[in-house]
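Asker: Got query-v4.cif for you, mmCIF, C-alpha atoms and all ligand atoms:
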data_model
loop_
_atom_site.label_atom_id
_atom_site.label_comp_id
_atom_site.auth_asym_id
_atom_site.auth_seq_id
_atom_site.Cartn_x
_atom_site.Cartn_y
_atom_site.Cartn_z
CA MET A 1 34.13 -34.86 -9.56
CA THR A 2 34.77 -31.25 -10.46
CA LYS A 3 36.60 -29.33 -7.75
CA ILE A 4 36.43 -25.63 -6.96
CA ILE A 5 39.98 -24.52 -6.17
CA THR A 6 41.86 -21.33 -5.37
CA ASP A 7 45.36 -22.46 -6.34
CA ILE A 8 46.27 -20.56 -9.50
CA GLU A 9 49.24 -22.81 -10.34
CA THR A 10 47.02 -25.91 -10.47
CA ALA A 11 44.75 -24.22 -13.01
CA ALA A 12 47.73 -23.05 -15.07
CA GLU A 13 49.17 -26.55 -15.06
CA GLU A 14 45.84 -27.92 -16.23
CA ILE A 15 46.02 -25.56 -19.21
CA ARG A 16 49.64 -26.55 -19.92
CA LYS A 17 48.62 -30.23 -19.84
CA GLY A 18 46.05 -29.65 -22.58
CA ASN A 19 43.00 -29.84 -20.31
CA ILE A 20 40.20 -27.32 -19.94
CA THR A 21 39.47 -25.50 -16.73
CA GLY A 22 36.97 -22.98 -15.33
CA LEU A 23 38.50 -19.54 -14.88
CA PRO A 24 37.27 -16.23 -13.50
CA THR A 25 37.35 -13.12 -15.67
CA GLU A 26 36.03 -9.63 -14.93
CA THR A 27 33.04 -10.25 -17.23
CA VAL A 28 31.82 -13.84 -16.77
CA TYR A 29 33.56 -17.14 -16.00
CA GLY A 30 35.39 -18.73 -18.90
CA LEU A 31 36.23 -22.28 -19.88
CA GLY A 32 39.93 -22.00 -20.70
CA ALA A 33 42.24 -24.12 -22.84
CA ASP A 34 45.63 -23.66 -24.51
CA ALA A 35 44.70 -21.75 -27.66
CA LEU A 36 47.69 -23.21 -29.51
CA ASN A 37 46.76 -26.83 -28.76
CA ASP A 38 44.02 -28.18 -31.05
CA GLU A 39 43.26 -31.19 -28.91
CA ALA A 40 42.69 -28.92 -25.94
CA VAL A 41 40.47 -26.58 -27.97
CA ILE A 42 38.33 -29.50 -29.17
CA LYS A 43 37.56 -30.25 -25.52
CA ILE A 44 35.97 -26.81 -25.19
CA PHE A 45 33.52 -27.53 -27.98
CA GLU A 46 32.76 -31.01 -26.64
CA SER A 47 32.19 -30.01 -23.05
CA LYS A 48 29.90 -27.10 -23.93
CA ASP A 49 28.10 -28.79 -26.82
CA ARG A 50 29.15 -25.72 -28.72
CA PRO A 51 28.40 -25.63 -32.45
CA VAL A 52 31.70 -25.91 -34.30
CA PHE A 53 30.87 -22.84 -36.39
CA ASN A 54 31.07 -20.58 -33.34
CA PRO A 55 34.63 -19.21 -32.86
CA VAL A 56 36.24 -18.86 -29.44
CA ILE A 57 37.89 -15.72 -28.06
CA VAL A 58 41.66 -15.94 -27.47
CA HIS A 59 42.82 -14.26 -24.25
CA ILE A 60 46.26 -12.68 -24.21
CA ARG A 61 48.24 -10.84 -21.54
CA ASP A 62 49.55 -7.72 -23.22
CA VAL A 63 48.83 -5.30 -26.03
CA SER A 64 52.15 -6.40 -27.56
CA ASP A 65 50.67 -9.91 -27.99
CA ILE A 66 48.08 -8.61 -30.46
CA GLU A 67 50.58 -8.65 -33.32
CA LYS A 68 51.75 -12.17 -32.43
CA TYR A 69 48.38 -13.58 -33.35
CA SER A 70 46.88 -11.13 -35.83
CA SER A 71 47.88 -8.98 -38.80
CA ASP A 72 46.64 -5.86 -40.63
CA ILE A 73 46.02 -4.16 -37.29
CA PRO A 74 44.52 -0.67 -37.69
CA ASP A 75 45.78 2.12 -35.40
CA LYS A 76 42.31 2.39 -33.90
CA VAL A 77 42.79 -1.00 -32.27
CA TYR A 78 45.74 0.41 -30.35
CA ASP A 79 43.80 3.58 -29.53
CA LEU A 80 40.98 1.48 -28.11
CA ALA A 81 43.35 -0.91 -26.35
CA GLU A 82 45.09 2.02 -24.69
CA LYS A 83 41.79 3.13 -23.22
CA PHE A 84 39.96 -0.16 -22.53
CA SER A 85 42.56 -2.95 -22.28
CA PRO A 86 43.12 -4.82 -20.11
CA GLY A 87 39.37 -5.03 -19.85
CA PRO A 88 36.06 -6.17 -21.31
CA VAL A 89 36.67 -5.64 -25.01
CA THR A 90 37.45 -8.16 -27.77
CA PHE A 91 39.08 -7.17 -31.06
CA VAL A 92 38.29 -9.28 -34.14
CA LEU A 93 41.26 -9.08 -36.51
CA LYS A 94 42.78 -10.98 -39.40
CA LYS A 95 44.38 -14.06 -37.86
CA LYS A 96 47.95 -15.23 -38.19
CA ASN A 97 48.66 -18.87 -38.97
CA VAL A 98 49.68 -19.81 -35.42
CA ILE A 99 46.01 -19.59 -34.54
CA SER A 100 44.31 -22.72 -35.78
CA ASP A 101 41.09 -22.93 -37.75
CA LEU A 102 39.50 -24.77 -34.87
CA VAL A 103 39.66 -21.76 -32.54
CA THR A 104 38.32 -19.46 -35.22
CA ALA A 105 35.76 -21.93 -36.56
CA GLY A 106 37.30 -21.74 -40.00
CA ASN A 107 37.15 -17.94 -40.13
CA ASP A 108 40.17 -16.01 -41.31
CA SER A 109 39.84 -13.82 -38.22
CA VAL A 110 40.55 -14.16 -34.52
CA GLY A 111 38.92 -12.50 -31.52
CA LEU A 112 41.60 -11.23 -29.09
CA ARG A 113 40.91 -10.01 -25.58
CA ILE A 114 43.24 -8.83 -22.81
CA PRO A 115 41.38 -9.56 -19.57
CA SER A 116 41.89 -7.41 -16.50
CA ASN A 117 41.02 -10.00 -13.86
CA HIS A 118 44.28 -10.48 -11.96
CA ILE A 119 43.72 -14.19 -11.34
CA PHE A 120 43.15 -14.87 -15.03
CA ARG A 121 46.20 -12.76 -15.87
CA GLU A 122 48.30 -14.83 -13.50
CA VAL A 123 47.05 -18.02 -15.19
CA LEU A 124 48.12 -16.54 -18.54
CA ARG A 125 51.57 -15.77 -17.14
CA LEU A 126 52.07 -19.17 -15.53
CA ALA A 127 50.64 -21.15 -18.45
CA GLY A 128 52.83 -19.19 -20.87
CA THR A 129 50.33 -19.54 -23.70
CA PRO A 130 47.29 -17.66 -24.96
CA VAL A 131 44.09 -19.07 -23.52
CA ALA A 132 41.01 -19.76 -25.64
CA ALA A 133 37.95 -19.30 -23.46
CA PRO A 134 34.23 -19.05 -24.14
CA SER A 135 31.83 -18.40 -21.30
CA ALA A 136 31.68 -21.45 -19.02
CA ASN A 137 28.05 -22.40 -19.66
CA ARG A 138 26.60 -25.14 -21.76
CA SER A 139 25.89 -23.76 -25.21
CA GLY A 140 22.88 -21.45 -25.34
CA ARG A 141 22.53 -21.23 -21.56
CA ILE A 142 23.08 -18.44 -19.03
CA SER A 143 26.71 -17.39 -18.56
CA PRO A 144 28.03 -18.12 -15.05
CA THR A 145 29.31 -15.31 -12.85
CA THR A 146 30.40 -17.37 -9.83
CA ALA A 147 32.42 -20.59 -9.43
CA GLU A 148 29.33 -22.32 -8.00
CA GLU A 149 27.35 -21.43 -11.13
CA VAL A 150 30.13 -22.89 -13.29
CA LEU A 151 29.88 -26.08 -11.24
CA LYS A 152 26.15 -26.31 -12.04
CA GLU A 153 26.93 -26.04 -15.76
CA MET A 154 30.06 -28.15 -15.99
CA ASN A 155 30.05 -30.64 -13.12
CA GLY A 156 31.88 -33.80 -14.15
CA LYS A 157 33.11 -32.32 -17.41
CA ILE A 158 36.18 -30.52 -16.09
CA ASN A 159 38.60 -31.23 -13.24
CA TYR A 160 38.83 -27.75 -11.74
CA ILE A 161 37.14 -24.40 -11.44
CA LEU A 162 39.41 -21.64 -10.23
CA ASP A 163 37.41 -19.52 -7.79
CA GLY A 164 37.78 -15.78 -8.17
CA GLY A 165 34.56 -14.74 -6.44
CA LYS A 166 31.70 -13.06 -8.29
CA CYS A 167 32.67 -11.44 -11.59
CA GLU A 168 32.81 -7.70 -11.09
CA ILE A 169 31.09 -6.78 -14.38
CA GLY A 170 28.62 -9.60 -14.96
CA ILE A 171 28.05 -9.50 -18.73
CA GLU A 172 30.36 -10.43 -21.57
CA SER A 173 32.90 -8.27 -23.37
CA THR A 174 32.06 -5.98 -26.26
CA VAL A 175 33.16 -7.64 -29.52
CA ILE A 176 34.41 -5.25 -32.21
CA SER A 177 35.41 -6.30 -35.73
CA PHE A 178 38.09 -4.49 -37.70
CA LEU A 179 37.89 -6.59 -40.83
CA ASN A 180 37.64 -5.22 -44.35
CA GLY A 181 38.79 -1.77 -43.27
CA GLY A 182 35.70 -1.03 -41.17
CA ILE A 183 34.76 -1.00 -37.52
CA ARG A 184 31.73 -2.92 -36.49
CA ILE A 185 30.31 -3.86 -33.12
CA LEU A 186 29.45 -7.55 -33.32
CA ARG A 187 28.28 -7.90 -29.74
CA LEU A 188 27.22 -5.17 -27.35
CA GLY A 189 28.87 -5.35 -23.97
CA TYR A 190 30.18 -3.45 -21.00
CA ILE A 191 32.17 -1.02 -23.15
CA THR A 192 29.38 0.88 -24.87
CA LYS A 193 29.05 2.12 -28.44
CA GLU A 194 29.26 5.64 -27.02
CA ASP A 195 32.55 4.78 -25.23
CA ILE A 196 34.00 3.38 -28.44
CA GLU A 197 32.92 6.31 -30.60
CA LYS A 198 34.69 8.72 -28.26
CA VAL A 199 37.91 7.06 -29.40
CA THR A 200 37.18 6.07 -32.99
CA GLY A 201 34.73 8.72 -34.11
CA LYS A 202 31.26 7.82 -35.31
CA ILE A 203 30.73 4.20 -36.28
CA ASN A 204 28.36 4.25 -39.20
CA ASP A 205 27.62 0.58 -39.30
CA LYS A 206 24.52 -0.52 -37.56
CA ILE A 207 25.17 -3.05 -34.86
CA THR A 208 24.77 -6.45 -36.41
CA ASN A 209 22.52 -8.95 -34.80
CA ASP A 210 22.05 -11.08 -37.84
CA PHE A 211 24.70 -13.75 -38.00
CA THR A 212 23.44 -14.92 -41.36
CA ASP A 213 23.89 -11.49 -42.98
CA PRO A 214 25.05 -12.55 -46.45
CA ASP A 215 26.46 -9.12 -47.21
CA SER A 216 29.18 -9.32 -44.66
CA PRO A 217 31.09 -12.57 -44.83
CA GLY A 218 33.87 -12.53 -42.30
CA ASN A 219 32.17 -9.66 -40.56
CA ILE A 220 29.73 -11.71 -38.62
CA SER A 221 29.63 -13.04 -35.10
CA PRO A 222 28.34 -16.57 -35.23
CA GLY A 223 27.83 -16.47 -31.48
CA LEU A 224 25.02 -14.00 -31.95
CA LEU A 225 22.47 -16.71 -32.31
CA LYS A 226 18.86 -15.81 -31.73
CA ILE A 227 18.56 -18.08 -28.73
CA HIS A 228 21.33 -17.46 -26.28
CA TYR A 229 21.92 -16.85 -22.60
CA ALA A 230 18.60 -18.62 -22.06
CA PRO A 231 16.95 -19.94 -18.90
CA ALA A 232 14.98 -23.19 -19.07
CA THR A 233 11.79 -21.38 -17.96
CA PRO A 234 10.28 -19.30 -20.78
CA LEU A 235 11.22 -15.64 -20.41
CA TYR A 236 9.06 -12.89 -21.91
CA LYS A 237 9.24 -9.16 -22.19
CA CYS A 238 6.06 -7.76 -20.65
CA ASN A 239 4.41 -4.34 -20.49
CA GLU A 240 2.97 -4.95 -17.01
CA PRO A 241 4.84 -7.82 -15.31
CA GLU A 242 3.30 -7.15 -11.87
CA ILE A 243 -0.25 -7.99 -12.93
CA ALA A 244 0.59 -10.75 -15.42
CA GLY A 245 0.06 -13.54 -12.89
CA GLY A 246 -3.51 -12.39 -12.21
CA VAL A 247 -4.39 -12.08 -15.87
CA THR A 248 -2.77 -15.27 -17.15
CA GLY A 249 -3.30 -17.54 -14.15
CA LEU A 250 0.32 -18.64 -14.45
CA GLN A 251 2.97 -18.56 -11.73
CA THR A 252 5.11 -15.69 -12.90
CA GLY A 253 8.56 -14.72 -11.69
CA ILE A 254 9.61 -11.13 -12.27
CA LEU A 255 13.12 -10.01 -13.04
CA ASP A 256 12.99 -6.89 -10.93
CA PHE A 257 15.68 -4.25 -11.35
CA SER A 258 13.97 -1.56 -9.29
CA ASN A 259 16.27 -1.90 -6.29
CA TYR A 260 19.43 -1.48 -8.32
CA GLN A 261 21.10 1.91 -8.41
CA ASP A 262 22.29 1.92 -12.01
CA THR A 263 22.93 -0.21 -15.10
CA LYS A 264 26.28 -1.39 -13.69
CA GLU A 265 24.49 -2.93 -10.74
CA ILE A 266 21.88 -4.50 -13.05
CA ALA A 267 24.64 -6.05 -15.21
CA PHE A 268 26.43 -7.32 -12.10
CA ASN A 269 23.30 -9.16 -10.92
CA LEU A 270 21.59 -9.97 -14.23
CA TYR A 271 22.67 -13.57 -14.84
CA SER A 272 22.56 -14.62 -11.18
CA ASP A 273 19.06 -13.21 -10.80
CA LEU A 274 17.94 -14.92 -13.99
CA ARG A 275 19.45 -18.21 -12.83
CA ARG A 276 17.85 -17.95 -9.37
CA LEU A 277 14.40 -17.28 -10.87
CA ASP A 278 14.93 -20.11 -13.33
CA GLU A 279 15.52 -22.47 -10.42
CA SER A 280 12.43 -21.31 -8.50
CA GLY A 281 9.73 -23.34 -10.28
CA PHE A 282 7.81 -20.54 -12.03
CA ASP A 283 5.76 -21.21 -15.18
CA MET A 284 7.05 -18.09 -16.81
CA LEU A 285 9.60 -15.31 -16.19
CA LEU A 286 8.95 -11.68 -17.11
CA TYR A 287 10.97 -8.52 -17.52
CA SER A 288 10.54 -4.94 -18.68
CA GLU A 289 13.15 -3.42 -20.92
CA ILE A 290 15.37 -0.76 -19.40
CA GLU A 291 16.42 2.49 -21.08
CA ASN A 292 18.15 1.46 -24.28
CA THR A 293 21.29 3.58 -24.04
CA GLY A 294 24.86 2.81 -22.99
CA LEU A 295 25.13 -0.36 -20.92
CA GLY A 296 21.31 -0.54 -20.93
CA ALA A 297 21.45 -1.48 -24.63
CA ALA A 298 23.75 -4.44 -23.88
CA ILE A 299 21.46 -5.58 -21.03
CA ASN A 300 18.34 -5.34 -23.24
CA ASP A 301 20.20 -7.25 -25.95
CA ARG A 302 20.99 -10.11 -23.56
CA LEU A 303 17.41 -10.22 -22.26
CA LYS A 304 16.02 -10.33 -25.77
CA ARG A 305 18.27 -13.23 -26.71
CA ALA A 306 17.45 -15.04 -23.47
CA GLY A 307 13.74 -14.46 -24.05
CA SER A 308 11.11 -16.24 -26.09
CA GLY A 309 9.19 -13.15 -27.13
CA GLU A 310 6.73 -10.70 -25.70
CA ILE A 311 3.54 -10.91 -23.69
CA ILE A 312 1.18 -7.96 -24.03
CA LEU A 313 -1.47 -7.46 -21.36
CA SER A 314 -4.60 -5.46 -21.90
CA GLU A 315 -7.51 -5.30 -19.43
CA ASN A 316 -8.28 -8.95 -18.69
CA SER A 317 -6.70 -10.53 -21.71
CA TYR A 318 -3.20 -11.14 -22.94
CA LYS A 319 -1.42 -11.93 -26.16
CA ILE A 320 1.87 -13.80 -26.50
CA ILE A 321 4.10 -13.02 -29.45
CA ASN A 322 6.70 -15.74 -29.79
CA ASN A 323 9.84 -14.82 -31.65
CA LYS A 324 11.69 -18.10 -31.42
CA ASN A 325 9.53 -20.17 -33.73
CA ASP A 326 11.85 -19.95 -36.70
O1 LIG B 401 33.62 -11.54 -21.79
C1 LIG B 401 33.79 -12.42 -22.63
O2 LIG B 401 33.98 -12.17 -23.83
C2 LIG B 401 33.78 -13.89 -22.15
C3 LIG B 401 34.97 -14.11 -21.21
C4 LIG B 401 35.09 -15.55 -20.79
O3 LIG B 401 36.14 -13.64 -21.83
N1 LIG B 401 33.82 -14.79 -23.26
C5 LIG B 401 32.76 -15.01 -24.07
O4 LIG B 401 33.00 -15.97 -25.02
O5 LIG B 401 31.72 -14.41 -23.96
P1 LIG B 401 31.81 -16.61 -25.89
O6 LIG B 401 32.45 -17.71 -26.66
O7 LIG B 401 30.69 -16.98 -25.02
O8 LIG B 401 31.44 -15.48 -26.89
C6 LIG B 401 32.38 -15.05 -27.84
C7 LIG B 401 31.70 -14.26 -28.92
C8 LIG B 401 30.82 -15.12 -29.76
O9 LIG B 401 29.66 -14.35 -30.09
C9 LIG B 401 31.68 -15.40 -30.98
O10 LIG B 401 30.93 -15.68 -32.12
C10 LIG B 401 32.45 -14.09 -31.09
O11 LIG B 401 32.73 -13.71 -29.77
N2 LIG B 401 33.72 -14.29 -31.80
C11 LIG B 401 34.84 -14.90 -31.35
N3 LIG B 401 35.78 -14.95 -32.33
C12 LIG B 401 35.23 -14.35 -33.42
C13 LIG B 401 35.66 -14.10 -34.75
N4 LIG B 401 36.86 -14.49 -35.17
N5 LIG B 401 34.83 -13.47 -35.59
C14 LIG B 401 33.60 -13.08 -35.19
N6 LIG B 401 33.11 -13.30 -33.95
C15 LIG B 401 33.91 -13.93 -33.07
MG MG B 402 28.88 -17.31 -24.28
#
Please render this file's structure as structure tokens.
Ligand code: TXA
Ligand code: MG
Answerer:
Amino acid sequence: MTKIITDIETAAEEIRKGNITGLPTETVYGLGADALNDEAVIKIFESKDRPVFNPVIVHIRDVSDIEKYSSDIPDKVYDLAEKFSPGPVTFVLKKKNVISDLVTAGNDSVGLRIPSNHIFREVLRLAGTPVAAPSANRSGRISPTTAEEVLKEMNGKINYILDGGKCEIGIESTVISFLNGGIRILRLGYITKEDIEKVTGKINDKITNDFTDPDSPGNISPGLLKIHYAPATPLYKCNEPEIAGGVTGLQTGILDFSNYQDTKEIAFNLYSDLRRLDESGFDMLLYSEIENTGLGAAINDRLKRAGSGEIILSENSYKIINNKND
């Protein structure tokens, strides 16, 4: 029912018609709709089973579009855009009225991103409208990084998936909020805190991972739910993944990064590897954290959200600490 296509015009027409379609970006595949058409945006929430309180990123073509859809734009946004846009960074800014409350989930802010993927950019040009697009997975599941993975998530729910090959980055954009005069990283991503601070100076805020933080209304990222990016097989952080099978008696699959050269290569393969292991019939999946700096911090963040907790092995016993019980 859902077709994988390569014709960009067909995908753009689908957007113009008010339908949703799978689209490649440099980070992960998105599920795109005309951001200015409420009926189209509703289809995003329906097809993903996305909670209505979780706002959707609006993709635009040029830096000059930022002021079409947002106001009170600090200079630092332009400084960052000059360095990192088009690319994997999303700016959360005060929204203008043309952006409906549906896209922003009732927030007074909008997340704007200028993607670099040339196929997505061509869709934006041909559709002639900003494109609202969350990652093209069912809510809470692993983000897809190939057209075939989108098909597994969305088969029958959309007409087309525009094939752009495997996403070159592999994890989602960095989301930065500029509300209330501050700068705050709402979601770690490919552009690291260190990259951002080189442009903005030190960001004092700690990175928020608590979407219920009552002290910062409007400065939260509702998408930062505790369970996110999750495989169906339970995933645990483990101090000694290689011997866990022997100790627990369970069939364990290990997310093994040892053959990858650097964190870029880990990010590129992360979701596909997780998906492949998830489909392999293991009782449990295990990973070890990587060094928690730069892109490594974003990768650890995704693994933690995908995971159910930690399993600690000692001699012939083990202890499981679940962190998803609340
Ligand atoms: O790389 C990406 O950002 C991908 C590609 C498709 O562009 N998109 C993506 O969208 O990851 P999604 O919906 O899976 O995640 C968007 C995140 C969520 O955590 C959401 O809560 C946050 O951005 N967000 C969007 N608009 C926001 C707003 N106005 N205020 C706070 N957070 C916002
Ligand atoms: Mg997502």
Asker: Find the residues near range 259-270 of chain A: any atom within 7 Å, counting all atoms listed in the file, skip ones fewer than 5 places away on the same chain, and give them as a list in words.
Answerer: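 Contacts, with the query itself left out: Glu168, Ile169, Gly170, Ile171, Leu295, Gly296 and Ile299 of chain A.
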Asker: Given the point (21.7, -23.8, -22.9) in the coordinates of this file, which residues lie within 8 Å, counting all atoms listed in the file, and how would they look as a list in words?
Answerer: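 Here the neighbourhood of the point contains Asn137, Arg138, Ser139, Gly140, Arg141, Ile142, His228, Tyr229, Ala230, Pro231 and Ala232 of chain A.
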Asker: Give me a file of those residues, with C-alpha atoms, as a JSON list (two decimals), in the coordinates of the input.
Answerer:
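Wrote part-v7.json, looks like this:
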[["chain", "number", "residue", "atom", "x", "y", "z"],
["A", 137, "ASN", "CA", 28.05, -22.40, -19.66],
["A", 138, "ARG", "CA", 26.60, -25.14, -21.76],
["A", 139, "SER", "CA", 25.89, -23.76, -25.21],
["A", 140, "GLY", "CA", 22.88, -21.45, -25.34],
["A", 141, "ARG", "CA", 22.53, -21.23, -21.56],
["A", 142, "ILE", "CA", 23.08, -18.44, -19.03],
["A", 228, "HIS", "CA", 21.33, -17.46, -26.28],
["A", 229, "TYR", "CA", 21.92, -16.85, -22.60],
["A", 230, "ALA", "CA", 18.60, -18.62, -22.06],
["A", 231, "PRO", "CA", 16.95, -19.94, -18.90],
["A", 232, "ALA", "CA", 14.98, -23.19, -19.07]]
Asker: Which residues are close to Thr174 in chain A, i.e. within 9 Å by all atoms listed in the file, leaving aside same-chain residues fewer than 2 positions away? Reply as a list of chain:residue names.
Answerer: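 The neighbour list is A:Pro88, A:Val89, A:Thr90, A:Phe91, A:Glu172, A:Ile176, A:Ile185, A:Leu186, A:Arg187, A:Leu188, A:Gly189, A:Tyr190, A:Ile191, A:Thr192, A:Lys193, A:Ala298.
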Asker: Could you save those same residues with C-alpha atoms as an mmCIF file, in the frame of the given file?
Answerer:
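And here is the file that came out, selection_35.cif:
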data_model
loop_
_atom_site.group_PDB
_atom_site.id
_atom_site.type_symbol
_atom_site.label_atom_id
_atom_site.label_comp_id
_atom_site.auth_asym_id
_atom_site.auth_seq_id
_atom_site.Cartn_x
_atom_site.Cartn_y
_atom_site.Cartn_z
ATOM 1 C CA PRO A 88 36.060 -6.170 -21.310
ATOM 2 C CA VAL A 89 36.670 -5.640 -25.010
ATOM 3 C CA THR A 90 37.450 -8.160 -27.770
ATOM 4 C CA PHE A 91 39.080 -7.170 -31.060
ATOM 5 C CA GLU A 172 30.360 -10.430 -21.570
ATOM 6 C CA ILE A 176 34.410 -5.250 -32.210
ATOM 7 C CA ILE A 185 30.310 -3.860 -33.120
ATOM 8 C CA LEU A 186 29.450 -7.550 -33.320
ATOM 9 C CA ARG A 187 28.280 -7.900 -29.740
ATOM 10 C CA LEU A 188 27.220 -5.170 -27.350
ATOM 11 C CA GLY A 189 28.870 -5.350 -23.970
ATOM 12 C CA TYR A 190 30.180 -3.450 -21.000
ATOM 13 C CA ILE A 191 32.170 -1.020 -23.150
ATOM 14 C CA THR A 192 29.380 0.880 -24.870
ATOM 15 C CA LYS A 193 29.050 2.120 -28.440
ATOM 16 C CA ALA A 298 23.750 -4.440 -23.880
#
Asker: For the point (41.9, -6.3, -27.4) in the file's frame, write as a list in words all residues with an atom no more than 9 Å away, counting only C-alpha atoms.
Answerer: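 Returned residue set, sorted by chain then number, is His59, Ile60, Asp62, Val63, Ile66, Val77, Tyr78, Leu80, Ala81, Phe84, Ser85, Pro86, Gly87, Pro88, Val89, Thr90, Phe91, Val92, Gly111, Leu112, Arg113, Ile114, Pro115 and Ile176 of chain A.
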Asker: Identify which of the residues A:Asn37, A:Asn180, A:Ser272, A:Ser135 lies closest to ligand LIG 401 (chain B), counting only C-alpha atoms and all ligand atoms when measuring atom-to-atom distances.
Answerer: A:Ser135
Asker: State, in Å with one decimal place, the distance from CA of Lys304 in chain A to CA of Glu291 in chain A.
Answerer: 13.7 Å
Asker: Can you tell me, as a PyMOL selection string, what residues are no more than 8 Å from Gly32 in chain A when counting only C-alpha atoms, ignoring any on the same chain fewer than 6 positions away?
Answerer: chain A and resi 15+20-23+44+131-134
Asker: Grab the residues selected above and save them as a compact mmCIF listing (two decimals), in the frame of the given file with C-alpha atoms.
Answerer:
# COMPACT_ATOMS: atom_id res chain seq x y z
CA ILE A 15 46.02 -25.56 -19.21
CA ILE A 20 40.20 -27.32 -19.94
CA THR A 21 39.47 -25.50 -16.73
CA GLY A 22 36.97 -22.98 -15.33
CA LEU A 23 38.50 -19.54 -14.88
CA ILE A 44 35.97 -26.81 -25.19
CA VAL A 131 44.09 -19.07 -23.52
CA ALA A 132 41.01 -19.76 -25.64
CA ALA A 133 37.95 -19.30 -23.46
CA PRO A 134 34.23 -19.05 -24.14
Asker: Got a sec: who's within 10 Å of Ile203 in chain A, counting all atoms listed in the file, leaving out chain neighbours fewer than 3 positions off, as a PyMOL selection string?
Answerer: chain A and resi 182-185+193-194+196-197+200+206-207
Asker: From the options A:Ser177, A:Ser64, A:Thr2, A:Asn316, which residue's atoms come nearest to ligand LIG 401 (chain B), counting all atoms listed in the file?
Answerer: A:Ser177
Asker: Separation of CA of Ile57 in chain A and atom N2 of ligand LIG 401 (chain B), in Å?
Answerer: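 Between these atoms lies a distance of 5.8 Å.
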Asker: So, counting all atoms listed in the file, which residue among A:Thr10, A:Ser116, A:Ser173, A:Asn19 is closest to ligand LIG 401 (chain B)?
Answerer: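 The shortest atom-to-atom distance to ligand LIG 401 (chain B) comes from A:Ser173.
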Asker: Identify, on the basis of only C-alpha atoms, every residue whose closest approach to range 145-156 of chain A does not exceed 6 Å; exclude the query and any residue fewer than 4 positions from it along the same chain; express the result as a ChimeraX atom specification.
Answerer: /A:1-2,28-29,137,163,165-167
Asker: Determine the nearest neighbour of Pro74 in chain A from the options A:Asp38, A:Gly307, A:Glu13, A:Lys94, counting all atoms listed in the file.
Answerer: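 Of the candidates, the smallest distance to Pro74 in chain A is held by A:Lys94.
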